[in-house]
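Pasted below: coords-v2.pdb, PDB, C-alpha atoms, pLDDT in the B column.
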```pdb
ATOM      1  CA  MET A 338     -19.081   4.477   3.227  1.00 51.00           C
ATOM      2  CA  ASN A 339     -17.674   6.257   0.238  1.00 50.00           C
ATOM      3  CA  THR A 340     -19.868   7.856  -2.327  1.00 57.00           C
ATOM      4  CA  PRO A 341     -19.526   6.381  -5.832  1.00 64.00           C
ATOM      5  CA  LYS A 342     -17.959   9.602  -7.025  1.00 68.00           C
ATOM      6  CA  LYS A 343     -15.260   9.433  -4.434  1.00 67.00           C
ATOM      7  CA  ASP A 344     -14.577   5.819  -5.291  1.00 74.00           C
ATOM      8  CA  ASP A 345     -14.126   6.735  -8.941  1.00 80.00           C
ATOM      9  CA  ARG A 346     -11.756   9.490  -8.066  1.00 78.00           C
ATOM     10  CA  GLU A 347      -9.721   7.236  -5.819  1.00 80.00           C
ATOM     11  CA  ARG A 348      -9.599   4.550  -8.434  1.00 83.00           C
ATOM     12  CA  ALA A 349      -8.425   7.010 -11.061  1.00 84.00           C
ATOM     13  CA  ILE A 350      -5.707   8.328  -8.779  1.00 88.00           C
ATOM     14  CA  ASP A 351      -4.547   4.867  -7.784  1.00 86.00           C
ATOM     15  CA  GLU A 352      -4.455   3.806 -11.423  1.00 89.00           C
ATOM     16  CA  ASN A 353      -2.241   6.757 -12.229  1.00 89.00           C
ATOM     17  CA  LEU A 354      -0.030   5.968  -9.281  1.00 90.00           C
ATOM     18  CA  LYS A 355       0.355   2.423 -10.496  1.00 89.00           C
ATOM     19  CA  LYS A 356       1.237   3.706 -13.963  1.00 89.00           C
ATOM     20  CA  VAL A 357       3.919   5.939 -12.509  1.00 87.00           C
ATOM     21  CA  PHE A 358       5.273   2.954 -10.620  1.00 88.00           C
ATOM     22  CA  ASP A 359       5.028   0.605 -13.569  1.00 89.00           C
ATOM     23  CA  GLN A 360       7.104   2.920 -15.701  1.00 86.00           C
ATOM     24  CA  THR A 361       9.959   2.404 -13.263  1.00 86.00           C
ATOM     25  CA  LEU A 362       9.280  -1.281 -12.773  1.00 87.00           C
ATOM     26  CA  ASP A 363       9.476  -1.785 -16.523  1.00 87.00           C
ATOM     27  CA  GLU A 364      12.989  -0.427 -16.537  1.00 87.00           C
ATOM     28  CA  GLY A 365      14.125  -3.559 -14.744  1.00 86.00           C
ATOM     29  CA  ILE A 366      17.182  -3.509 -12.554  1.00 90.00           C
ATOM     30  CA  PRO A 367      19.987  -1.187 -13.607  1.00 92.00           C
ATOM     31  CA  ASP A 368      23.410  -2.779 -13.915  1.00 93.00           C
ATOM     32  CA  ARG A 369      24.847  -0.725 -11.065  1.00 94.00           C
ATOM     33  CA  PHE A 370      22.667  -2.631  -8.618  1.00 95.00           C
ATOM     34  CA  LYS A 371      23.510  -6.019 -10.021  1.00 93.00           C
ATOM     35  CA  GLU A 372      27.176  -5.108  -9.740  1.00 95.00           C
ATOM     36  CA  LEU A 373      26.731  -3.799  -6.234  1.00 95.00           C
ATOM     37  CA  LEU A 374      25.040  -6.994  -5.127  1.00 94.00           C
ATOM     38  CA  SER A 375      27.740  -9.180  -6.571  1.00 93.00           C
ATOM     39  CA  GLN A 376      30.379  -6.989  -4.915  1.00 93.00           C
ATOM     40  CA  LEU A 377      28.653  -7.357  -1.573  1.00 93.00           C
ATOM     41  CA  LYS A 378      28.420 -11.083  -2.092  1.00 91.00           C
ATOM     42  CA  GLN A 379      32.079 -11.263  -2.996  1.00 92.00           C
ATOM     43  CA  GLN A 380      33.082  -9.221   0.042  1.00 88.00           C
ATOM     44  CA  ASP A 381      31.016 -11.479   2.228  1.00 83.00           C
ATOM     45  CA  ALA A 382      32.537 -14.625   0.850  1.00 85.00           C
ATOM     46  CA  GLU A 383      35.976 -13.296   1.689  1.00 86.00           C
ATOM     47  CA  GLN A 384      35.007 -12.287   5.211  1.00 81.00           C
ATOM     48  CA  GLY A 385      33.049 -15.469   5.744  1.00 71.00           C
ATOM     49  CA  SER A 386      36.112 -17.596   5.243  1.00 67.00           C
ATOM     50  CA  GLN A 387      37.841 -15.731   8.073  1.00 62.00           C
ATOM     51  CA  LYS A 388      35.061 -16.180  10.602  1.00 52.00           C
TER      52      LYS A 388
ATOM     53  CA  MET B1045      24.180 -23.298   4.793  1.00 47.00           C
ATOM     54  CA  SER B1046      20.890 -23.757   6.604  1.00 49.00           C
ATOM     55  CA  GLY B1047      17.754 -22.616   4.839  1.00 61.00           C
ATOM     56  CA  SER B1048      17.765 -19.779   2.378  1.00 79.00           C
ATOM     57  CA  ASP B1049      19.741 -16.595   2.757  1.00 87.00           C
ATOM     58  CA  PRO B1050      17.286 -13.691   2.997  1.00 90.00           C
ATOM     59  CA  ARG B1051      19.811 -11.554   1.147  1.00 91.00           C
ATOM     60  CA  GLU B1052      19.046 -13.529  -1.971  1.00 91.00           C
ATOM     61  CA  GLU B1053      15.631 -11.962  -1.790  1.00 92.00           C
ATOM     62  CA  LEU B1054      16.873  -8.368  -1.884  1.00 94.00           C
ATOM     63  CA  VAL B1055      17.065  -8.262  -5.636  1.00 93.00           C
ATOM     64  CA  ASP B1056      13.368  -9.097  -5.940  1.00 93.00           C
ATOM     65  CA  HIS B1057      12.447  -5.910  -4.129  1.00 95.00           C
ATOM     66  CA  LEU B1058      14.757  -3.627  -6.070  1.00 95.00           C
ATOM     67  CA  PRO B1059      12.295  -2.504  -8.748  1.00 94.00           C
ATOM     68  CA  ALA B1060       9.664  -1.627  -6.142  1.00 94.00           C
ATOM     69  CA  MET B1061      12.268   0.229  -4.070  1.00 96.00           C
ATOM     70  CA  ARG B1062      13.289   2.241  -7.096  1.00 95.00           C
ATOM     71  CA  ALA B1063       9.714   3.049  -7.999  1.00 94.00           C
ATOM     72  CA  PHE B1064       9.049   4.275  -4.483  1.00 94.00           C
ATOM     73  CA  ALA B1065      12.301   6.231  -4.309  1.00 95.00           C
ATOM     74  CA  ILE B1066      11.789   7.915  -7.664  1.00 92.00           C
ATOM     75  CA  SER B1067       8.251   8.912  -6.817  1.00 90.00           C
ATOM     76  CA  LEU B1068       9.328  10.160  -3.432  1.00 90.00           C
ATOM     77  CA  THR B1069      12.303  12.215  -4.576  1.00 89.00           C
ATOM     78  CA  ARG B1070      11.174  13.063  -8.130  1.00 86.00           C
ATOM     79  CA  ASN B1071      14.791  12.725  -9.147  1.00 87.00           C
ATOM     80  CA  GLY B1072      16.170   9.564 -10.705  1.00 89.00           C
ATOM     81  CA  ALA B1073      19.796  10.133  -9.722  1.00 91.00           C
ATOM     82  CA  ILE B1074      19.030  10.897  -6.080  1.00 91.00           C
ATOM     83  CA  ALA B1075      16.602   8.007  -5.963  1.00 93.00           C
ATOM     84  CA  ASP B1076      19.138   5.506  -7.225  1.00 94.00           C
ATOM     85  CA  ASP B1077      21.752   6.726  -4.753  1.00 94.00           C
ATOM     86  CA  MET B1078      19.202   6.259  -2.021  1.00 95.00           C
ATOM     87  CA  VAL B1079      18.375   2.766  -3.193  1.00 96.00           C
ATOM     88  CA  GLN B1080      22.057   1.936  -3.286  1.00 96.00           C
ATOM     89  CA  ASP B1081      22.544   3.144   0.302  1.00 96.00           C
ATOM     90  CA  THR B1082      19.533   1.133   1.355  1.00 97.00           C
ATOM     91  CA  LEU B1083      20.829  -1.968  -0.325  1.00 96.00           C
ATOM     92  CA  VAL B1084      24.180  -1.725   1.434  1.00 96.00           C
ATOM     93  CA  LYS B1085      22.520  -1.075   4.789  1.00 96.00           C
ATOM     94  CA  ALA B1086      20.148  -3.983   4.307  1.00 96.00           C
ATOM     95  CA  TRP B1087      22.948  -6.294   3.267  1.00 95.00           C
ATOM     96  CA  THR B1088      25.171  -5.451   6.210  1.00 93.00           C
ATOM     97  CA  ASN B1089      22.314  -5.440   8.725  1.00 95.00           C
ATOM     98  CA  ILE B1090      20.540  -8.505   7.469  1.00 94.00           C
ATOM     99  CA  ASP B1091      20.822 -10.051  10.929  1.00 94.00           C
ATOM    100  CA  LYS B1092      18.325  -7.414  12.099  1.00 95.00           C
ATOM    101  CA  PHE B1093      15.764  -8.630   9.622  1.00 95.00           C
ATOM    102  CA  GLN B1094      13.355 -11.037  11.246  1.00 92.00           C
ATOM    103  CA  GLU B1095      12.773 -13.944   8.943  1.00 88.00           C
ATOM    104  CA  GLY B1096       9.168 -14.567   8.187  1.00 88.00           C
ATOM    105  CA  THR B1097       8.309 -10.879   8.396  1.00 91.00           C
ATOM    106  CA  ASN B1098       7.671  -8.647   5.415  1.00 93.00           C
ATOM    107  CA  MET B1099      11.027  -7.916   3.820  1.00 95.00           C
ATOM    108  CA  ARG B1100       9.643  -5.247   1.543  1.00 95.00           C
ATOM    109  CA  ALA B1101       8.297  -3.342   4.528  1.00 95.00           C
ATOM    110  CA  TRP B1102      11.665  -3.637   6.226  1.00 96.00           C
ATOM    111  CA  LEU B1103      13.476  -2.336   3.126  1.00 97.00           C
ATOM    112  CA  PHE B1104      11.063   0.529   2.619  1.00 96.00           C
ATOM    113  CA  THR B1105      11.586   1.549   6.225  1.00 96.00           C
ATOM    114  CA  ILE B1106      15.328   1.760   5.638  1.00 96.00           C
ATOM    115  CA  LEU B1107      14.705   3.557   2.365  1.00 96.00           C
ATOM    116  CA  ARG B1108      12.516   6.248   3.846  1.00 94.00           C
ATOM    117  CA  ASN B1109      14.879   6.733   6.783  1.00 93.00           C
ATOM    118  CA  THR B1110      17.657   7.209   4.239  1.00 93.00           C
ATOM    119  CA  TYR B1111      15.518   9.711   2.390  1.00 92.00           C
ATOM    120  CA  TYR B1112      14.760  11.813   5.435  1.00 89.00           C
ATOM    121  CA  SER B1113      18.292  11.783   6.778  1.00 88.00           C
ATOM    122  CA  ASN B1114      19.748  12.655   3.365  1.00 81.00           C
ATOM    123  CA  ARG B1115      17.231  15.397   2.980  1.00 80.00           C
ATOM    124  CA  ARG B1116      18.237  16.917   6.267  1.00 78.00           C
ATOM    125  CA  LYS B1117      21.872  16.709   5.249  1.00 74.00           C
ATOM    126  CA  ALA B1118      21.491  18.225   1.813  1.00 65.00           C
ATOM    127  CA  LYS B1119      18.351  20.217   1.685  1.00 62.00           C
ATOM    128  CA  ARG B1120      19.514  22.383  -1.164  1.00 53.00           C
ATOM    129  CA  GLU B1121      20.098  19.382  -3.400  1.00 51.00           C
ATOM    130  CA  VAL B1122      16.567  18.112  -3.190  1.00 48.00           C
ATOM    131  CA  ALA B1123      14.788  17.724  -6.474  1.00 49.00           C
ATOM    132  CA  ASP B1124      13.279  20.510  -8.444  1.00 50.00           C
ATOM    133  CA  VAL B1125       9.776  19.502  -9.250  1.00 48.00           C
ATOM    134  CA  ASP B1126       9.612  20.963 -12.694  1.00 45.00           C
ATOM    135  CA  GLY B1127      13.211  20.769 -13.851  1.00 48.00           C
ATOM    136  CA  VAL B1128      14.911  17.401 -13.795  1.00 47.00           C
ATOM    137  CA  PHE B1129      11.706  15.532 -13.558  1.00 48.00           C
ATOM    138  CA  THR B1130       9.890  17.009 -16.501  1.00 46.00           C
ATOM    139  CA  GLU B1131      13.098  16.984 -18.482  1.00 45.00           C
ATOM    140  CA  ASN B1132      13.252  13.221 -18.181  1.00 48.00           C
ATOM    141  CA  LEU B1133       9.668  12.957 -19.202  1.00 46.00           C
ATOM    142  CA  ALA B1134      10.180  15.065 -22.257  1.00 43.00           C
ATOM    143  CA  GLU B1135      12.599  12.486 -23.626  1.00 42.00           C
ATOM    144  CA  LYS B1136       9.920   9.898 -23.771  1.00 44.00           C
ATOM    145  CA  PRO B1137       7.849   9.798 -26.933  1.00 44.00           C
ATOM    146  CA  ALA B1138       4.573  11.597 -26.771  1.00 44.00           C
ATOM    147  CA  HIS B1139       1.621   9.263 -26.810  1.00 49.00           C
ATOM    148  CA  ASP B1140      -1.916   9.214 -25.583  1.00 50.00           C
ATOM    149  CA  GLY B1141      -2.068   9.907 -21.930  1.00 58.00           C
ATOM    150  CA  HIS B1142       1.432  11.275 -21.918  1.00 61.00           C
ATOM    151  CA  MET B1143       0.340  14.741 -20.950  1.00 63.00           C
ATOM    152  CA  GLN B1144      -1.971  13.472 -18.293  1.00 77.00           C
ATOM    153  CA  MET B1145       0.825  11.394 -16.793  1.00 82.00           C
ATOM    154  CA  ALA B1146       3.160  14.353 -16.805  1.00 85.00           C
ATOM    155  CA  ASP B1147       0.467  16.378 -15.094  1.00 86.00           C
ATOM    156  CA  PHE B1148      -0.100  13.623 -12.623  1.00 89.00           C
ATOM    157  CA  ARG B1149       3.572  13.398 -11.753  1.00 89.00           C
ATOM    158  CA  ARG B1150       3.772  17.122 -11.353  1.00 90.00           C
ATOM    159  CA  ALA B1151       0.724  17.116  -9.119  1.00 92.00           C
ATOM    160  CA  LEU B1152       2.265  14.326  -7.067  1.00 92.00           C
ATOM    161  CA  GLY B1153       5.325  16.494  -6.652  1.00 91.00           C
ATOM    162  CA  GLN B1154       3.229  19.272  -5.218  1.00 93.00           C
ATOM    163  CA  LEU B1155       2.022  17.175  -2.305  1.00 94.00           C
ATOM    164  CA  LYS B1156       3.626  17.458   1.066  1.00 93.00           C
ATOM    165  CA  ASP B1157       6.272  14.776   1.586  1.00 92.00           C
ATOM    166  CA  GLU B1158       4.286  13.043   4.289  1.00 94.00           C
ATOM    167  CA  GLN B1159       1.157  12.935   2.157  1.00 96.00           C
ATOM    168  CA  ARG B1160       2.959  11.749  -0.951  1.00 95.00           C
ATOM    169  CA  GLU B1161       4.731   9.106   1.058  1.00 95.00           C
ATOM    170  CA  ALA B1162       1.518   7.789   2.603  1.00 96.00           C
ATOM    171  CA  LEU B1163      -0.163   7.654  -0.768  1.00 95.00           C
ATOM    172  CA  LEU B1164       2.786   5.901  -2.397  1.00 95.00           C
ATOM    173  CA  LEU B1165       2.933   3.293   0.331  1.00 95.00           C
ATOM    174  CA  VAL B1166      -0.774   2.565   0.450  1.00 94.00           C
ATOM    175  CA  GLY B1167      -2.006   3.481  -3.014  1.00 90.00           C
ATOM    176  CA  ALA B1168       0.869   2.270  -5.142  1.00 91.00           C
ATOM    177  CA  SER B1169       3.113  -0.084  -3.183  1.00 91.00           C
ATOM    178  CA  GLY B1170       0.280  -2.185  -1.838  1.00 90.00           C
ATOM    179  CA  PHE B1171       1.009  -1.867   1.863  1.00 95.00           C
ATOM    180  CA  SER B1172      -1.787  -1.939   4.387  1.00 96.00           C
ATOM    181  CA  TYR B1173      -2.509   1.138   6.474  1.00 97.00           C
ATOM    182  CA  GLU B1174      -1.090  -0.754   9.422  1.00 97.00           C
ATOM    183  CA  GLU B1175       2.162  -1.566   7.659  1.00 96.00           C
ATOM    184  CA  ALA B1176       2.539   1.981   6.401  1.00 97.00           C
ATOM    185  CA  ALA B1177       1.885   3.322   9.890  1.00 97.00           C
ATOM    186  CA  GLU B1178       4.576   1.126  11.329  1.00 95.00           C
ATOM    187  CA  MET B1179       7.069   2.157   8.649  1.00 94.00           C
ATOM    188  CA  CYS B1180       6.417   5.820   9.228  1.00 95.00           C
ATOM    189  CA  GLY B1181       6.248   5.511  12.986  1.00 94.00           C
ATOM    190  CA  VAL B1182       2.821   7.094  13.233  1.00 96.00           C
ATOM    191  CA  ALA B1183      -0.688   5.986  14.131  1.00 97.00           C
ATOM    192  CA  VAL B1184      -2.822   4.111  11.623  1.00 98.00           C
ATOM    193  CA  GLY B1185      -5.347   6.969  11.670  1.00 98.00           C
ATOM    194  CA  THR B1186      -2.600   9.385  10.702  1.00 97.00           C
ATOM    195  CA  ILE B1187      -1.739   7.332   7.633  1.00 98.00           C
ATOM    196  CA  LYS B1188      -5.398   7.137   6.693  1.00 97.00           C
ATOM    197  CA  SER B1189      -5.888  10.856   6.931  1.00 97.00           C
ATOM    198  CA  ARG B1190      -2.652  11.592   5.083  1.00 97.00           C
ATOM    199  CA  THR B1191      -3.704   9.259   2.295  1.00 95.00           C
ATOM    200  CA  ASN B1192      -7.145  10.825   2.112  1.00 94.00           C
ATOM    201  CA  ARG B1193      -5.753  14.328   2.082  1.00 95.00           C
ATOM    202  CA  ALA B1194      -3.242  13.356  -0.582  1.00 95.00           C
ATOM    203  CA  ARG B1195      -5.988  11.983  -2.808  1.00 93.00           C
ATOM    204  CA  ALA B1196      -8.191  14.997  -2.256  1.00 92.00           C
ATOM    205  CA  ARG B1197      -5.338  17.374  -3.008  1.00 93.00           C
ATOM    206  CA  LEU B1198      -4.384  15.477  -6.165  1.00 92.00           C
ATOM    207  CA  ALA B1199      -7.960  15.564  -7.364  1.00 89.00           C
ATOM    208  CA  GLU B1200      -8.047  19.270  -6.672  1.00 90.00           C
ATOM    209  CA  ILE B1201      -4.835  19.975  -8.579  1.00 90.00           C
ATOM    210  CA  LEU B1202      -5.773  17.718 -11.465  1.00 85.00           C
ATOM    211  CA  GLY B1203      -9.282  19.081 -11.678  1.00 81.00           C
ATOM    212  CA  HIS B1204      -8.022  22.022 -13.696  1.00 58.00           C
ATOM    213  CA  ASN B1205      -5.957  19.927 -16.060  1.00 54.00           C
ATOM    214  CA  GLU B1206      -8.723  17.461 -16.680  1.00 54.00           C
ATOM    215  CA  ASN B1207     -10.876  20.181 -18.190  1.00 53.00           C
ATOM    216  CA  GLU B1208      -8.005  21.420 -20.256  1.00 51.00           C
ATOM    217  CA  ALA B1209      -7.119  18.038 -21.678  1.00 50.00           C
ATOM    218  CA  MET B1210     -10.653  17.441 -22.804  1.00 48.00           C
ATOM    219  CA  GLU B1211     -11.093  20.707 -24.563  1.00 46.00           C
ATOM    220  CA  MET B1212      -7.661  21.392 -25.884  1.00 46.00           C
ATOM    221  CA  THR B1213      -8.769  21.209 -29.478  1.00 47.00           C
ATOM    222  CA  ASP B1214      -7.806  24.523 -30.972  1.00 50.00           C
ATOM    223  CA  ASP B1215      -5.966  27.695 -30.228  1.00 54.00           C
ATOM    224  CA  ALA B1216      -9.093  29.662 -29.528  1.00 52.00           C
ATOM    225  CA  THR B1217     -10.237  27.218 -26.890  1.00 51.00           C
ATOM    226  CA  MET B1218      -6.774  27.126 -25.468  1.00 53.00           C
ATOM    227  CA  SER B1219      -6.459  30.839 -25.112  1.00 54.00           C
ATOM    228  CA  VAL B1220      -9.821  31.002 -23.413  1.00 50.00           C
ATOM    229  CA  LEU B1221      -8.799  28.208 -21.122  1.00 50.00           C
ATOM    230  CA  SER B1222      -5.461  29.665 -20.242  1.00 52.00           C
ATOM    231  CA  ALA B1223      -7.086  32.979 -19.559  1.00 51.00           C
ATOM    232  CA  SER B1224      -9.590  31.367 -17.260  1.00 48.00           C
ATOM    233  CA  LYS B1225      -6.814  29.335 -15.701  1.00 46.00           C
ATOM    234  CA  VAL B1226      -4.902  32.456 -14.815  1.00 45.00           C
ATOM    235  CA  SER B1227      -7.935  34.047 -13.256  1.00 44.00           C
ATOM    236  CA  SER B1228      -8.808  30.950 -11.295  1.00 42.00           C
ATOM    237  CA  PHE B1229      -5.372  30.687  -9.744  1.00 44.00           C
TER     238      PHE B1229
END
```
Once you've parsed the file, please lay out its structure as structure tokens.
Amino acid sequence: MNTPKKDDRERAIDENLKKVFDQTLDEGIPDRFKELLSQLKQQDAEQGSQK
Amino acid sequence: MSGSDPREELVDHLPAMRAFAISLTRNGAIADDMVQDTLVKAWTNIDKFQEGTNMRAWLFTILRNTYYSNRRKAKREVADVDGVFTENLAEKPAHDGHMQMADFRRALGQLKDEQREALLLVGASGFSYEEAAEMCGVAVGTIKSRTNRARARLAEILGHNENEAMEMTDDATMSVLSASKVSSF
């Protein structure tokens, strides 16, 4: 299996990757997406009543 | 109104989609446009989603397809690794680890798309090799080797910076280091 050194390296890289991801995750959901979703929902409700 | 609408679930995956898109494109504006396209596609094609399967995997598949088709369409627009991306970073307050993170992001940007993608899916997004392979339409072994090569390459790129960060104590050390850096490149 992996040597300890390689494991350390992988762990360090994965930790950094997670940090990069977390920075974005912490931003939450920008308003444009909330608006988009409610627009799509709205659109659907209108179409749905015609089906 | 039978059962729950899977579309209600879309919002839960948004942050992860953004994180993946931003890391993949290295450009916040392009990433968010991509996520928006993906969201609309997912919403309008929700009937193609098989309930009970992994929705995040389904969304990421749409997202990466969007990325590759956009990239083909507008190759010249694709992110500059050191411009937009580092500019955004510079706005954030400097703190411990800041430089290392900036270096890490830059190193990530130097990977080949396919390697970065594999690493982001497996190393950061928590997908299995099998799931990542299915999303990318390649063999499991291919994903494994891409991930391994990505990690090895990152370690190689960051190897230089690691030494610098540790010893960057004074100008004399720095000038020695930058001199040796030049010669080692």
Exercise. What residues in chain B lie within 8 Å of chain A, counting only C-alpha atoms, written as a list in words?
Worked result: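 The answer, sorted by residue number, is Leu1058, Pro1059, Ala1060, Arg1062, Ala1063, Phe1064, Ser1067, Gln1080, Val1084, Trp1087, Met1145, Phe1148, Arg1149, Leu1164, Gly1167, Ala1168, Arg1195, Leu1198 and Ala1199 of chain B.
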Exercise. Gly1185 (chain B): which residues within 10 Å, counting all atoms listed in the file, same-chain residues fewer than 4 positions away excluded, as an NGL selection string?
Worked result: :B and (1173-1174 or 1177 or 1189-1191)
For this session: Measure the distance from CA of Ala1075 (chain B) to CA of Ala1183 (chain B) in Å and round it to one decimal.
Result: 26.6 Å
For this session: Could you tell me which of B:Gly1203, B:Gly1181, B:Pro1050, B:Gly1153 comes closest to Thr1097 (chain B) if we count all atoms listed in the file?
Result: B:Pro1050
Problem set entry | d(CA of Asp1076 (chain B), CA of Asn1192 (chain B)) in Å |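 For CA of Asp1076 (chain B) relative to CA of Asn1192 (chain B), the distance reads 28.4 Å.
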Care to translate the PyMOL selection byres ((chain B and resi 1074) around 10) into actual residues of this file, as an mmCIF file with C-alpha atoms, keeping the file's coordinate frame?
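Output file result25.cif is given in full below:
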```
data_model
loop_
_atom_site.group_PDB
_atom_site.id
_atom_site.type_symbol
_atom_site.label_atom_id
_atom_site.label_comp_id
_atom_site.auth_asym_id
_atom_site.auth_seq_id
_atom_site.Cartn_x
_atom_site.Cartn_y
_atom_site.Cartn_z
ATOM 1 C CA ALA B 1065 12.301 6.231 -4.309
ATOM 2 C CA ILE B 1066 11.789 7.915 -7.664
ATOM 3 C CA THR B 1069 12.303 12.215 -4.576
ATOM 4 C CA ARG B 1070 11.174 13.063 -8.130
ATOM 5 C CA ASN B 1071 14.791 12.725 -9.147
ATOM 6 C CA GLY B 1072 16.170 9.564 -10.705
ATOM 7 C CA ALA B 1073 19.796 10.133 -9.722
ATOM 8 C CA ALA B 1075 16.602 8.007 -5.963
ATOM 9 C CA ASP B 1076 19.138 5.506 -7.225
ATOM 10 C CA ASP B 1077 21.752 6.726 -4.753
ATOM 11 C CA MET B 1078 19.202 6.259 -2.021
ATOM 12 C CA VAL B 1079 18.375 2.766 -3.193
ATOM 13 C CA GLN B 1080 22.057 1.936 -3.286
ATOM 14 C CA TYR B 1111 15.518 9.711 2.390
ATOM 15 C CA ASN B 1114 19.748 12.655 3.365
ATOM 16 C CA GLU B 1121 20.098 19.382 -3.400
ATOM 17 C CA VAL B 1122 16.567 18.112 -3.190
ATOM 18 C CA ALA B 1123 14.788 17.724 -6.474
#
```
Problem set entry | Coordinates-based distance that separates CA of Leu1083 (chain B) from CA of Leu1155 (chain B) (Å, one decimal) | 26.9 Å
Problem set entry | Selection result of the PyMOL selection byres ((chain B and resi 1051) around 10) on this file, as a PyMOL selection string | (chain A and resi 374+378) or (chain B and resi 1048-1050+1052-1056+1083+1086-1088+1090-1091+1093+1099)
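Neighbours of Leu1165 (chain B) closer than or equal to 10 Å, with all atoms listed in the file counted and sequence neighbours fewer than 3 positions away skipped, come out as Phe1064, Ala1101, Phe1104, Gln1159, Arg1160, Glu1161, Ala1162, Ala1168, Ser1169, Gly1170, Phe1171, Ser1172, Tyr1173, Glu1175, Ala1176, Ala1177, Met1179, Cys1180, Ile1187 and Thr1191 of chain B.
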